[in-house]
file my_file-v4.tsv (TSV, C-alpha atoms and all ligand atoms)
chain	number	residue	atom	x	y	z
X	243	MET	CA	0.00	0.00	0.00
X	244	GLN	CA	2.73	2.44	1.06
X	245	GLU	CA	4.61	1.62	-2.12
X	246	LYS	CA	1.58	2.39	-4.25
X	247	ILE	CA	1.14	5.77	-2.53
X	248	GLN	CA	4.82	6.54	-3.07
X	249	SER	CA	4.59	5.81	-6.76
X	250	LEU	CA	1.39	7.86	-7.17
X	251	ARG	CA	3.08	10.73	-5.37
X	252	ALA	CA	5.99	10.48	-7.74
X	253	ARG	CA	3.54	10.78	-10.65
X	254	ILE	CA	1.99	13.84	-8.99
X	255	ASP	CA	5.45	15.37	-8.65
X	256	THR	CA	6.12	14.80	-12.34
X	257	LEU	CA	2.73	16.25	-13.27
X	258	ASN	CA	3.37	19.29	-11.08
X	259	LEU	CA	6.57	19.95	-12.95
X	260	LYS	CA	4.82	19.56	-16.29
X	261	ILE	CA	2.07	21.97	-15.23
X	262	LEU	CA	4.71	24.43	-14.05
X	263	GLU	CA	6.49	24.14	-17.37
X	264	LEU	CA	3.24	24.72	-19.25
X	265	VAL	CA	2.07	27.71	-17.18
X	266	SER	CA	5.54	29.25	-17.51
X	267	GLU	CA	5.48	28.76	-21.27
X	268	ARG	CA	2.00	30.24	-21.35
X	269	ALA	CA	3.22	33.26	-19.35
X	270	SER	CA	6.01	33.98	-21.80
X	271	VAL	CA	3.63	33.74	-24.79
X	272	ALA	CA	1.22	36.09	-22.97
X	273	ALA	CA	4.10	38.51	-22.31
X	274	GLU	CA	4.95	38.47	-26.01
X	275	ILE	CA	1.35	39.33	-26.87
X	276	GLY	CA	1.41	42.05	-24.18
X	277	ALA	CA	4.55	43.64	-25.61
X	278	LEU	CA	3.08	43.67	-29.13
X	279	GLN	CA	-0.16	45.16	-27.88
X	280	SER	CA	1.52	47.87	-25.85
X	281	SER	CA	3.70	48.79	-28.84
X	282	MET	CA	0.41	49.35	-30.71
X	283	GLY	CA	-0.87	51.39	-27.77
X	284	SER	CA	-3.68	48.95	-26.91
X	285	SER	CA	-4.51	47.29	-23.61
X	286	GLN	CA	-3.61	43.67	-23.03
X	287	TYR	CA	-6.75	42.88	-21.08
X	288	ASP	CA	-9.47	41.74	-23.45
X	289	PRO	CA	-12.56	40.47	-21.60
X	290	VAL	CA	-14.15	39.06	-24.78
X	291	ARG	CA	-11.05	37.01	-25.55
X	292	GLU	CA	-10.96	35.80	-21.94
X	293	GLN	CA	-14.59	34.66	-22.12
X	294	THR	CA	-13.95	32.82	-25.41
X	295	MET	CA	-11.01	30.96	-23.84
X	296	LEU	CA	-13.07	29.99	-20.78
X	297	ASP	CA	-15.96	28.79	-22.95
X	298	ALA	CA	-13.58	26.63	-25.00
X	299	LEU	CA	-12.07	25.15	-21.83
X	300	VAL	CA	-15.47	24.37	-20.32
X	301	ALA	CA	-16.56	22.73	-23.60
X	302	ALA	CA	-13.41	20.60	-23.67
X	303	ASN	CA	-13.66	19.63	-20.01
X	304	ARG	CA	-14.23	15.91	-19.45
X	305	GLY	CA	-14.06	16.05	-15.63
X	306	PRO	CA	-13.45	15.36	-12.86
X	307	PHE	CA	-13.61	19.14	-12.19
X	308	ASP	CA	-16.93	20.86	-12.74
X	309	ALA	CA	-17.22	23.85	-15.08
X	310	ALA	CA	-17.00	26.45	-12.27
X	311	THR	CA	-13.78	24.93	-10.91
X	312	VAL	CA	-12.20	24.81	-14.36
X	313	LYS	CA	-13.12	28.46	-14.89
X	314	SER	CA	-11.73	29.58	-11.57
X	315	LEU	CA	-8.47	27.62	-12.04
X	316	PHE	CA	-7.87	29.14	-15.46
X	317	LYS	CA	-8.90	32.64	-14.40
X	318	GLN	CA	-6.08	32.45	-11.85
X	319	ILE	CA	-3.65	31.43	-14.57
X	320	PHE	CA	-4.85	34.23	-16.89
X	321	GLN	CA	-4.50	36.81	-14.15
X	322	ALA	CA	-1.05	35.63	-13.09
X	323	SER	CA	0.33	35.76	-16.63
X	324	MET	CA	-1.17	39.19	-17.23
X	325	GLN	CA	0.37	40.55	-14.00
X	326	GLN	CA	3.68	39.05	-15.04
X	327	SER	CA	3.68	40.69	-18.44
X	328	GLN	CA	2.60	44.03	-16.90
X	329	LYS	CA	5.56	43.77	-14.55
X	330	GLN	CA	7.89	43.23	-17.49
X	331	GLU	CA	6.28	46.09	-19.37
X	332	LYS	CA	6.70	48.55	-16.48
X	333	ARG	CA	8.90	51.31	-17.74
X	334	ALA	CA	12.11	52.01	-15.85
X	335	TYR	CA	11.75	55.72	-15.06
X	336	LEU	CA	14.94	57.71	-14.74
X	337	THR	CA	13.68	59.45	-11.60
X	338	SER	CA	13.01	56.14	-9.88
X	339	ARG	CA	15.18	54.54	-7.25
X	340	ALA	CA	14.72	51.29	-9.15
X	341	THR	CA	16.80	52.81	-11.97
X	342	HIS	CA	19.28	54.75	-9.86
X	343	GLY	CA	19.91	53.19	-6.47
X	344	THR	CA	22.08	55.84	-4.86
X	345	ASP	CA	21.00	59.37	-3.88
X	346	THR	CA	21.75	62.00	-6.48
X	347	VAL	CA	23.82	64.89	-5.17
X	348	VAL	CA	23.38	68.11	-7.13
X	349	THR	CA	26.23	70.54	-6.76
X	350	VAL	CA	25.32	74.18	-7.24
X	351	ARG	CA	28.29	76.50	-7.46
X	352	GLY	CA	30.30	74.17	-5.23
X	353	VAL	CA	27.47	73.53	-2.73
X	354	PRO	CA	26.42	69.86	-2.60
X	355	ILE	CA	22.68	69.25	-2.16
X	356	GLY	CA	21.21	65.85	-1.32
X	357	SER	CA	22.18	62.52	0.23
X	358	LYS	CA	24.07	62.87	3.52
X	359	HIS	CA	25.00	66.50	3.01
X	360	SER	CA	23.90	69.02	5.58
X	361	PRO	CA	20.52	70.58	4.61
X	362	VAL	CA	20.99	73.78	2.64
X	363	LEU	CA	19.10	77.02	3.03
X	364	VAL	CA	18.05	79.03	0.00
X	365	ALA	CA	17.21	82.56	1.12
X	366	GLY	CA	16.44	85.82	-0.62
X	367	PRO	CA	13.60	88.09	-1.63
X	368	CYS	CA	10.52	86.98	-3.51
X	369	ALA	CA	11.35	89.43	-6.30
X	370	ILE	CA	14.41	91.40	-7.26
X	371	GLU	CA	13.21	94.98	-6.87
X	372	SER	CA	16.33	97.16	-6.89
X	373	GLU	CA	20.10	97.14	-6.62
X	374	GLU	CA	19.89	98.35	-2.97
X	375	GLN	CA	17.31	95.79	-1.89
X	376	VAL	CA	19.27	92.89	-3.38
X	377	GLU	CA	22.60	94.09	-1.99
X	378	ALA	CA	21.10	94.42	1.51
X	379	VAL	CA	19.59	90.90	1.48
X	380	ALA	CA	22.59	89.24	-0.16
X	381	ALA	CA	24.99	90.79	2.36
X	382	GLN	CA	22.74	89.83	5.26
X	383	VAL	CA	22.13	86.20	4.33
X	384	ALA	CA	25.76	85.62	3.28
X	385	SER	CA	26.94	86.94	6.66
X	386	ARG	CA	24.82	84.23	8.28
X	387	GLY	CA	26.41	81.38	6.34
X	388	VAL	CA	23.80	81.05	3.58
X	389	LYS	CA	25.32	79.91	0.26
X	390	LEU	CA	22.28	80.01	-2.04
X	391	PHE	CA	20.46	83.22	-2.87
X	392	ARG	CA	17.02	83.34	-4.46
X	393	GLY	CA	15.28	86.22	-6.21
X	394	GLY	CA	12.78	86.37	-9.05
X	395	ALA	CA	13.45	88.60	-12.06
X	396	TYR	CA	10.51	87.23	-14.04
X	397	LYS	CA	7.55	86.83	-11.72
X	398	PRO	CA	4.53	84.66	-12.51
X	399	ARG	CA	1.74	86.89	-11.17
X	400	THR	CA	-1.97	86.15	-11.07
X	401	ASP	CA	-2.84	89.79	-11.69
X	402	PRO	CA	-1.35	91.02	-14.98
X	403	TYR	CA	-1.25	94.59	-13.63
X	404	SER	CA	0.91	93.71	-10.61
X	405	PHE	CA	4.73	93.87	-10.55
X	406	GLN	CA	6.06	91.42	-13.11
X	407	GLY	CA	9.76	91.60	-12.23
X	408	LEU	CA	12.70	93.59	-13.61
X	409	GLY	CA	13.54	91.05	-16.32
X	410	GLU	CA	17.12	90.94	-17.56
X	411	GLU	CA	18.05	93.93	-15.40
X	412	GLY	CA	16.95	91.89	-12.37
X	413	LEU	CA	19.09	88.95	-13.43
X	414	ARG	CA	22.10	91.24	-13.76
X	415	ILE	CA	21.48	92.79	-10.32
X	416	GLY	CA	21.12	89.33	-8.77
X	417	ARG	CA	24.25	87.99	-10.43
X	418	GLU	CA	26.42	90.91	-9.38
X	419	ALA	CA	25.26	90.78	-5.76
X	420	CYS	CA	25.85	87.01	-5.66
X	421	ASP	CA	29.35	87.46	-7.04
X	422	ARG	CA	30.12	90.11	-4.43
X	423	HIS	CA	29.01	87.81	-1.62
X	424	ASP	CA	30.06	84.41	-2.96
X	425	LEU	CA	26.49	83.19	-3.31
X	426	ALA	CA	24.90	80.86	-5.84
X	427	PHE	CA	22.04	82.56	-7.69
X	428	VAL	CA	18.65	80.85	-8.05
X	429	SER	CA	16.00	82.45	-10.25
X	430	GLU	CA	12.82	81.41	-12.02
X	431	ILE	CA	12.72	80.95	-15.77
X	432	MET	CA	9.29	81.13	-17.39
X	433	THR	CA	10.02	81.28	-21.11
X	434	PRO	CA	12.06	78.73	-23.06
X	435	SER	CA	13.62	81.38	-25.30
X	436	ASP	CA	15.08	83.07	-22.18
X	437	LEU	CA	17.39	80.12	-21.53
X	438	PRO	CA	20.57	81.68	-23.01
X	439	LEU	CA	20.00	84.71	-20.77
X	440	PHE	CA	19.55	82.55	-17.69
X	441	GLU	CA	22.57	80.45	-18.55
X	442	GLU	CA	24.62	83.63	-18.52
X	443	TYR	CA	23.36	84.86	-15.13
X	444	VAL	CA	22.09	82.08	-12.86
X	445	ASP	CA	23.53	79.00	-11.16
X	446	LEU	CA	20.25	77.15	-10.58
X	447	LEU	CA	17.27	77.42	-12.92
X	448	GLN	CA	13.96	77.47	-11.04
X	449	VAL	CA	10.88	76.10	-12.78
X	450	GLY	CA	7.92	77.51	-10.88
X	451	ALA	CA	4.79	75.76	-9.70
X	452	ARG	CA	2.71	77.34	-12.48
X	453	ASN	CA	5.04	75.96	-15.12
X	454	MET	CA	5.57	72.48	-13.72
X	455	GLN	CA	3.72	71.01	-16.68
X	456	ASN	CA	4.97	73.43	-19.30
X	457	PHE	CA	6.52	70.60	-21.26
X	458	HIS	CA	8.24	72.83	-23.78
X	459	LEU	CA	9.97	74.68	-20.95
X	460	LEU	CA	10.86	71.39	-19.25
X	461	ARG	CA	12.40	69.99	-22.42
X	462	THR	CA	14.36	73.20	-22.94
X	463	VAL	CA	15.84	73.40	-19.44
X	464	GLY	CA	16.37	69.63	-19.61
X	465	ARG	CA	18.88	70.32	-22.37
X	466	SER	CA	20.73	72.92	-20.30
X	467	GLY	CA	23.95	72.23	-18.48
X	468	LYS	CA	22.63	74.17	-15.46
X	469	PRO	CA	20.96	72.38	-12.55
X	470	VAL	CA	17.20	72.77	-12.21
X	471	LEU	CA	14.96	73.32	-9.18
X	472	LEU	CA	11.54	71.93	-10.06
X	473	LYS	CA	8.67	73.21	-7.94
X	474	ARG	CA	5.61	71.02	-7.49
X	475	GLY	CA	2.53	72.37	-9.26
X	476	LEU	CA	-0.27	73.97	-7.26
X	477	SER	CA	-2.54	70.97	-7.78
X	478	ALA	CA	-0.08	68.41	-9.09
X	479	THR	CA	-0.08	64.85	-7.85
X	480	ILE	CA	3.24	63.34	-6.76
X	481	GLU	CA	3.21	61.24	-9.92
X	482	GLU	CA	2.76	64.32	-12.13
X	483	TRP	CA	5.60	66.05	-10.28
X	484	LEU	CA	7.92	63.08	-10.78
X	485	MET	CA	6.88	62.83	-14.43
X	486	ALA	CA	7.79	66.49	-14.90
X	487	ALA	CA	11.22	65.67	-13.46
X	488	GLU	CA	11.37	62.73	-15.85
X	489	TYR	CA	11.16	65.19	-18.77
X	490	LEU	CA	14.28	66.94	-17.46
X	491	LEU	CA	16.25	63.74	-16.91
X	492	ASN	CA	15.11	62.33	-20.22
X	493	GLU	CA	16.54	65.36	-22.01
X	494	GLY	CA	19.89	64.60	-20.45
X	495	ASN	CA	19.96	66.88	-17.41
X	496	PRO	CA	20.70	64.74	-14.34
X	497	ASN	CA	20.98	67.71	-11.97
X	498	VAL	CA	17.40	68.06	-10.82
X	499	ILE	CA	16.21	69.11	-7.36
X	500	LEU	CA	12.54	68.72	-6.46
X	501	CYS	CA	10.81	71.39	-4.37
X	502	GLU	CA	7.55	70.93	-2.47
X	503	ARG	CA	5.88	74.34	-2.05
X	504	GLY	CA	2.45	73.46	-0.73
X	505	ILE	CA	-0.62	72.37	-2.63
X	506	ARG	CA	-4.12	73.82	-3.01
X	507	THR	CA	-6.59	72.39	-0.57
X	508	PHE	CA	-9.90	73.57	0.94
X	509	GLU	CA	-7.98	75.09	3.88
X	510	GLN	CA	-8.21	78.86	4.22
X	511	TYR	CA	-5.98	79.50	7.25
X	512	THR	CA	-2.93	78.86	5.10
X	513	ARG	CA	-2.17	79.96	1.54
X	514	ASN	CA	-1.33	76.36	0.60
X	515	THR	CA	-1.00	73.12	2.53
X	516	LEU	CA	2.53	71.80	2.98
X	517	ASP	CA	2.37	68.17	1.92
X	518	VAL	CA	4.97	66.56	4.16
X	519	SER	CA	4.08	63.09	2.96
X	520	ALA	CA	4.96	64.19	-0.57
X	521	VAL	CA	8.43	65.15	0.64
X	522	ALA	CA	8.91	61.77	2.31
X	523	LEU	CA	7.46	59.95	-0.71
X	524	ALA	CA	9.54	61.86	-3.23
X	525	LYS	CA	12.59	60.82	-1.23
X	526	LEU	CA	11.42	57.20	-1.15
X	527	GLU	CA	10.41	56.94	-4.80
X	528	SER	CA	13.15	59.01	-6.38
X	529	HIS	CA	16.87	59.50	-5.88
X	530	LEU	CA	16.66	63.27	-6.43
X	531	PRO	CA	17.23	65.83	-3.65
X	532	VAL	CA	14.07	67.45	-2.30
X	533	LEU	CA	13.71	70.96	-0.88
X	534	VAL	CA	10.77	72.52	0.94
X	535	ASP	CA	9.70	76.08	0.22
X	536	VAL	CA	8.26	77.12	3.57
X	537	THR	CA	7.30	80.64	2.49
X	538	HIS	CA	4.83	79.72	-0.24
X	539	SER	CA	3.67	76.56	1.56
X	540	GLY	CA	2.01	78.27	4.48
X	541	GLY	CA	1.96	81.84	3.25
X	542	ARG	CA	2.41	82.86	6.90
X	543	ARG	CA	5.47	84.10	8.78
X	544	ASP	CA	4.30	82.49	12.01
X	545	LEU	CA	4.51	79.04	10.42
X	546	LEU	CA	7.99	79.28	8.94
X	547	VAL	CA	9.79	77.65	11.88
X	548	ALA	CA	7.27	74.83	12.30
X	549	LEU	CA	7.18	74.04	8.58
X	550	THR	CA	10.98	74.09	8.40
X	551	LYS	CA	11.22	71.61	11.26
X	552	ALA	CA	8.54	69.44	9.65
X	553	GLY	CA	10.28	69.46	6.28
X	554	LEU	CA	13.65	68.55	7.74
X	555	ALA	CA	12.08	65.88	9.97
X	556	VAL	CA	10.71	64.03	6.92
X	557	GLY	CA	14.05	64.13	5.14
X	558	ALA	CA	14.16	67.34	3.09
X	559	ASP	CA	17.62	68.19	1.77
X	560	GLY	CA	17.08	71.87	2.31
X	561	ILE	CA	14.65	74.74	2.77
X	562	MET	CA	13.75	77.82	0.77
X	563	VAL	CA	12.68	80.96	2.61
X	564	GLU	CA	11.96	84.54	1.49
X	565	VAL	CA	13.78	87.42	3.17
X	566	HIS	CA	13.22	91.14	2.47
X	567	PRO	CA	14.70	94.28	4.13
X	568	ASN	CA	11.21	95.68	4.62
X	569	PRO	CA	8.45	93.21	3.78
X	570	ALA	CA	5.72	95.82	4.37
X	571	ILE	CA	6.73	97.61	1.19
X	572	ALA	CA	7.70	94.54	-0.85
X	573	LEU	CA	6.36	94.47	-4.40
X	574	SER	CA	5.19	90.86	-3.99
X	575	ASP	CA	4.42	88.44	-1.16
X	576	THR	CA	4.38	91.18	1.44
X	577	LYS	CA	2.51	88.99	3.96
X	578	GLN	CA	5.06	86.21	4.15
X	579	GLN	CA	8.58	87.54	3.66
X	580	ILE	CA	10.65	88.10	6.79
X	581	ASP	CA	12.91	91.01	7.69
X	582	PHE	CA	16.47	90.68	8.99
X	583	PRO	CA	15.78	90.44	12.74
X	584	ALA	CA	13.07	87.85	12.01
X	585	PHE	CA	15.53	85.96	9.82
X	586	ASP	CA	18.00	85.81	12.71
X	587	ARG	CA	15.27	84.48	15.00
X	588	TYR	CA	14.31	81.99	12.30
X	589	LEU	CA	17.91	80.73	12.09
X	590	ASP	CA	18.06	80.29	15.85
X	591	ASP	CA	14.65	78.67	16.23
X	592	THR	CA	15.09	76.20	13.39
X	593	GLY	CA	18.60	75.20	14.36
X	594	TYR	CA	19.81	76.45	10.99
X	595	HIS	CA	22.32	78.69	12.68
X	596	ALA	CA	24.23	75.63	13.85
X	597	LYS	CA	23.58	73.74	10.62
X	598	LEU	CA	25.04	76.51	8.49
X	599	SER	CA	28.06	76.71	10.73
X	600	GLU	CA	28.50	72.94	10.43
X	601	LYS	CA	28.20	73.27	6.70
X	602	ARG	CA	30.85	75.95	6.73
X	603	VAL	CA	33.15	73.53	8.53
X	604	GLU	CA	32.27	70.75	6.11
X	605	LEU	CA	32.89	72.96	3.09
X	606	TYR	CA	35.75	75.14	4.13
X	607	GLY	CA	37.27	73.38	7.13
X	608	PHE	CA	36.83	76.32	9.54
D	701	LIG	C1	8.79	81.67	-6.22
D	701	LIG	O1	9.48	80.86	-5.59
D	701	LIG	O2	9.19	82.81	-6.50
D	701	LIG	C2	7.46	81.27	-6.70
D	701	LIG	C3	6.75	82.01	-7.55
D	701	LIG	O3	7.05	80.10	-6.17
D	701	LIG	P1	5.97	79.05	-6.75
D	701	LIG	O4	6.30	78.80	-8.19
D	701	LIG	O5	6.20	77.86	-5.88
D	701	LIG	O6	4.62	79.67	-6.55
D	702	MN	MN	7.19	84.76	-3.29
call {"tool": "encode", "arguments": {"input": "my_file-v4.tsv", "output": "structure tokens", "more": "lines below"}}
Ligand code: PEP
Ligand code: MN
result
Amino acid sequence: MQEKIQSLRARIDTLNLKILELVSERASVAAEIGALQSSMGSSQYDPVREQTMLDALVAANRGPFDAATVKSLFKQIFQASMQQSQKQEKRAYLTSRATHGTDTVVTVRGVPIGSKHSPVLVAGPCAIESEEQVEAVAAQVASRGVKLFRGGAYKPRTDPYSFQGLGEEGLRIGREACDRHDLAFVSEIMTPSDLPLFEEYVDLLQVGARNMQNFHLLRTVGRSGKPVLLKRGLSATIEEWLMAAEYLLNEGNPNVILCERGIRTFEQYTRNTLDVSAVALAKLESHLPVLVDVTHSGGRRDLLVALTKAGLAVGADGIMVEVHPNPAIALSDTKQQIDFPAFDRYLDDTGYHAKLSEKRVELYGF
């Protein structure tokens, strides 16, 4: 009796292997079909075809399984081979950690951003308004250890009659002040044809929230040798944000920094809602450095310290904050820029004072 069982079990083992061989062969044929269909832009799942196959199997079934069991067994096989071919079809995105395992470090005018480097601080006015204003802010932030200066020369404004920025003159003012104070210059580009101008003046090209899906602009700055700071769109999903970064990488620019700047929600107490999970997720999903713009996120001075701490706690590689000599008379974002004494308090309260000193040691050895 025992011998008989042993030999039947051996037959079962052989049959198992045959079934495995057959389902594996079936999976590779299904994957071939899937690849052909996706190259034609059509979906692999065809419910009519599935029903025809099940009907044929039920008709051919001579037992012992009943029709429902045969259907459910084969449905499992169909599903498994489809999942397998979808897995093989999944595109390897350049922004993904699956493609690029190590953290990307973007170096902007000698300042490394990302990975284990100390979190940077990008500080400066919302808009470049005058020679005097820029000189005052650049001198102030540089004296506090800041290495990256921001300032918009082309401003994306909701109201077409409000201050639009000084244009090329603003870029020149920003560049000269940055050179005087050994700062990297970050400024927003809105128009693809302005790229040569920006390449002459700035160290880091900012693509603003309103242009995150301006694909022509993305392709253009993706072909630049300058690093890019890509803000998340006002209502962009994390996937859309990463896809926008994909445009830049796909054009050959590997030096991309993501920047979460708050998203539109129903909340009225804040200008936008800082999406901290997006910061953590962007760090998990992609290898790119991520900054948090705390000024535009909350739109409130009294939240700058809390949002900075939150951003750094979830792994941000740096923070962007707006500083103005006299925010009350600023030509844009008057409610949320901070003056110099407030900037000093901000540095103390966020711990950035120490961080910037550490960074000085790391960079310059003193
Ligand atoms: C800015 O940083 O100057 C700006 C306009 O920000 P955002 O594109 O995030 O609104
Ligand atoms: Mn602003």
call {"tool": "residues_near_ligand", "arguments": {"input": "my_file-v4.tsv", "ligand": "ligand LIG 701 (chain D)", "cutoff": "6 Å", "atoms": "all atoms listed in the file", "output": "list in words"}}
result
Cys368, Gly394, Gly450, Ala451, Arg452, Lys473 and Arg503 of chain X
call {"tool": "residues_near_ligand", "arguments": {"input": "my_file-v4.tsv", "ligand": "ligand MN 702 (chain D)", "cutoff": "12 Å", "atoms": "all atoms listed in the file", "output": "ChimeraX atom specification"}}
result
/X:365-370,392-399,405-407,429-430,450-451,503,513,535-542,562-566,569,572-580
call {"tool": "atom_distance", "arguments": {"input": "my_file-v4.tsv", "atom1": "CA of Val364 in chain X", "atom2": "CA of Ala384 in chain X"}}
result
10.7 Å
call {"tool": "residues_around", "arguments": {"input": "my_file-v4.tsv", "residues": "Val312 in chain X", "least_positions_apart": "5", "cutoff": "10 Å", "atoms": "all atoms listed in the file", "output": "JSON, numbers by chain"}}
result
{"X": [296, 299, 300, 303, 305, 306, 307, 317]}
call {"tool": "closest_atom_pairs", "arguments": {"input": "my_file-v4.tsv", "of": "range 330-410 of chain X", "to": "range 462-471 of chain X", "cutoff": "10 Å", "atoms": "only C-alpha atoms", "output": "Markdown table"}}
result
| residue | atom | partner | partner_atom | distance |
| --- | --- | --- | --- | --- |
| X:Val348 | CA | X:Pro469 | CA | 7.3 |
| X:Thr349 | CA | X:Pro469 | CA | 8.0 |
| X:Val350 | CA | X:Pro469 | CA | 7.1 |
| X:Arg351 | CA | X:Pro469 | CA | 9.8 |
call {"tool": "closest_residue", "arguments": {"input": "my_file-v4.tsv", "among": "X:Ile505, X:Met454, X:Leu459, X:Leu413", "to": "Ser477 in chain X", "atoms": "only C-alpha atoms"}}
result
X:Ile505
call {"tool": "build_atoms", "arguments": {"input": "my_file-v4.tsv", "residues": "range 462-480 of chain X", "atoms": "N, CA and C atoms", "output": "JSON list (two decimals), in the coordinates of the input"}}
result
[["chain", "number", "residue", "atom", "x", "y", "z"],
["X", 462, "THR", "N", 13.28, 72.23, -22.69],
["X", 462, "THR", "CA", 14.36, 73.20, -22.94],
["X", 462, "THR", "C", 15.36, 73.23, -21.78],
["X", 463, "VAL", "N", 14.88, 73.35, -20.56],
["X", 463, "VAL", "CA", 15.84, 73.40, -19.44],
["X", 463, "VAL", "C", 16.48, 72.02, -19.21],
["X", 464, "GLY", "N", 15.80, 70.99, -19.68],
["X", 464, "GLY", "CA", 16.37, 69.63, -19.61],
["X", 464, "GLY", "C", 17.60, 69.50, -20.50],
["X", 465, "ARG", "N", 17.71, 70.37, -21.48],
["X", 465, "ARG", "CA", 18.88, 70.32, -22.37],
["X", 465, "ARG", "C", 19.99, 71.26, -21.90],
["X", 466, "SER", "N", 19.73, 71.98, -20.80],
["X", 466, "SER", "CA", 20.73, 72.92, -20.30],
["X", 466, "SER", "C", 21.76, 72.20, -19.44],
["X", 467, "GLY", "N", 22.92, 72.77, -19.36],
["X", 467, "GLY", "CA", 23.95, 72.23, -18.48],
["X", 467, "GLY", "C", 23.79, 72.71, -17.05],
["X", 468, "LYS", "N", 22.84, 73.63, -16.82],
["X", 468, "LYS", "CA", 22.63, 74.17, -15.46],
["X", 468, "LYS", "C", 21.69, 73.25, -14.67],
["X", 469, "PRO", "N", 21.91, 73.15, -13.36],
["X", 469, "PRO", "CA", 20.96, 72.38, -12.55],
["X", 469, "PRO", "C", 19.58, 73.06, -12.50],
["X", 470, "VAL", "N", 18.58, 72.26, -12.20],
["X", 470, "VAL", "CA", 17.20, 72.77, -12.21],
["X", 470, "VAL", "C", 16.52, 72.49, -10.87],
["X", 471, "LEU", "N", 15.80, 73.49, -10.38],
["X", 471, "LEU", "CA", 14.96, 73.32, -9.18],
["X", 471, "LEU", "C", 13.52, 73.27, -9.67],
["X", 472, "LEU", "N", 12.89, 72.11, -9.51],
["X", 472, "LEU", "CA", 11.54, 71.93, -10.06],
["X", 472, "LEU", "C", 10.50, 71.99, -8.95],
["X", 473, "LYS", "N", 9.73, 73.08, -8.95],
["X", 473, "LYS", "CA", 8.67, 73.21, -7.94],
["X", 473, "LYS", "C", 7.51, 72.29, -8.29],
["X", 474, "ARG", "N", 6.81, 71.83, -7.26],
["X", 474, "ARG", "CA", 5.61, 71.02, -7.49],
["X", 474, "ARG", "C", 4.46, 71.95, -7.86],
["X", 475, "GLY", "N", 3.67, 71.56, -8.83],
["X", 475, "GLY", "CA", 2.53, 72.37, -9.26],
["X", 475, "GLY", "C", 1.50, 72.56, -8.16],
["X", 476, "LEU", "N", 0.73, 73.62, -8.28],
["X", 476, "LEU", "CA", -0.27, 73.97, -7.26],
["X", 476, "LEU", "C", -1.23, 72.82, -6.94],
["X", 477, "SER", "N", -1.60, 72.08, -7.97],
["X", 477, "SER", "CA", -2.54, 70.97, -7.78],
["X", 477, "SER", "C", -1.99, 69.69, -8.41],
["X", 478, "ALA", "N", -0.69, 69.58, -8.43],
["X", 478, "ALA", "CA", -0.08, 68.41, -9.09],
["X", 478, "ALA", "C", 0.02, 67.23, -8.14],
["X", 479, "THR", "N", -0.27, 66.06, -8.65],
["X", 479, "THR", "CA", -0.08, 64.85, -7.85],
["X", 479, "THR", "C", 1.44, 64.57, -7.80],
["X", 480, "ILE", "N", 1.81, 63.69, -6.88],
["X", 480, "ILE", "CA", 3.24, 63.34, -6.76],
["X", 480, "ILE", "C", 3.70, 62.70, -8.07]]
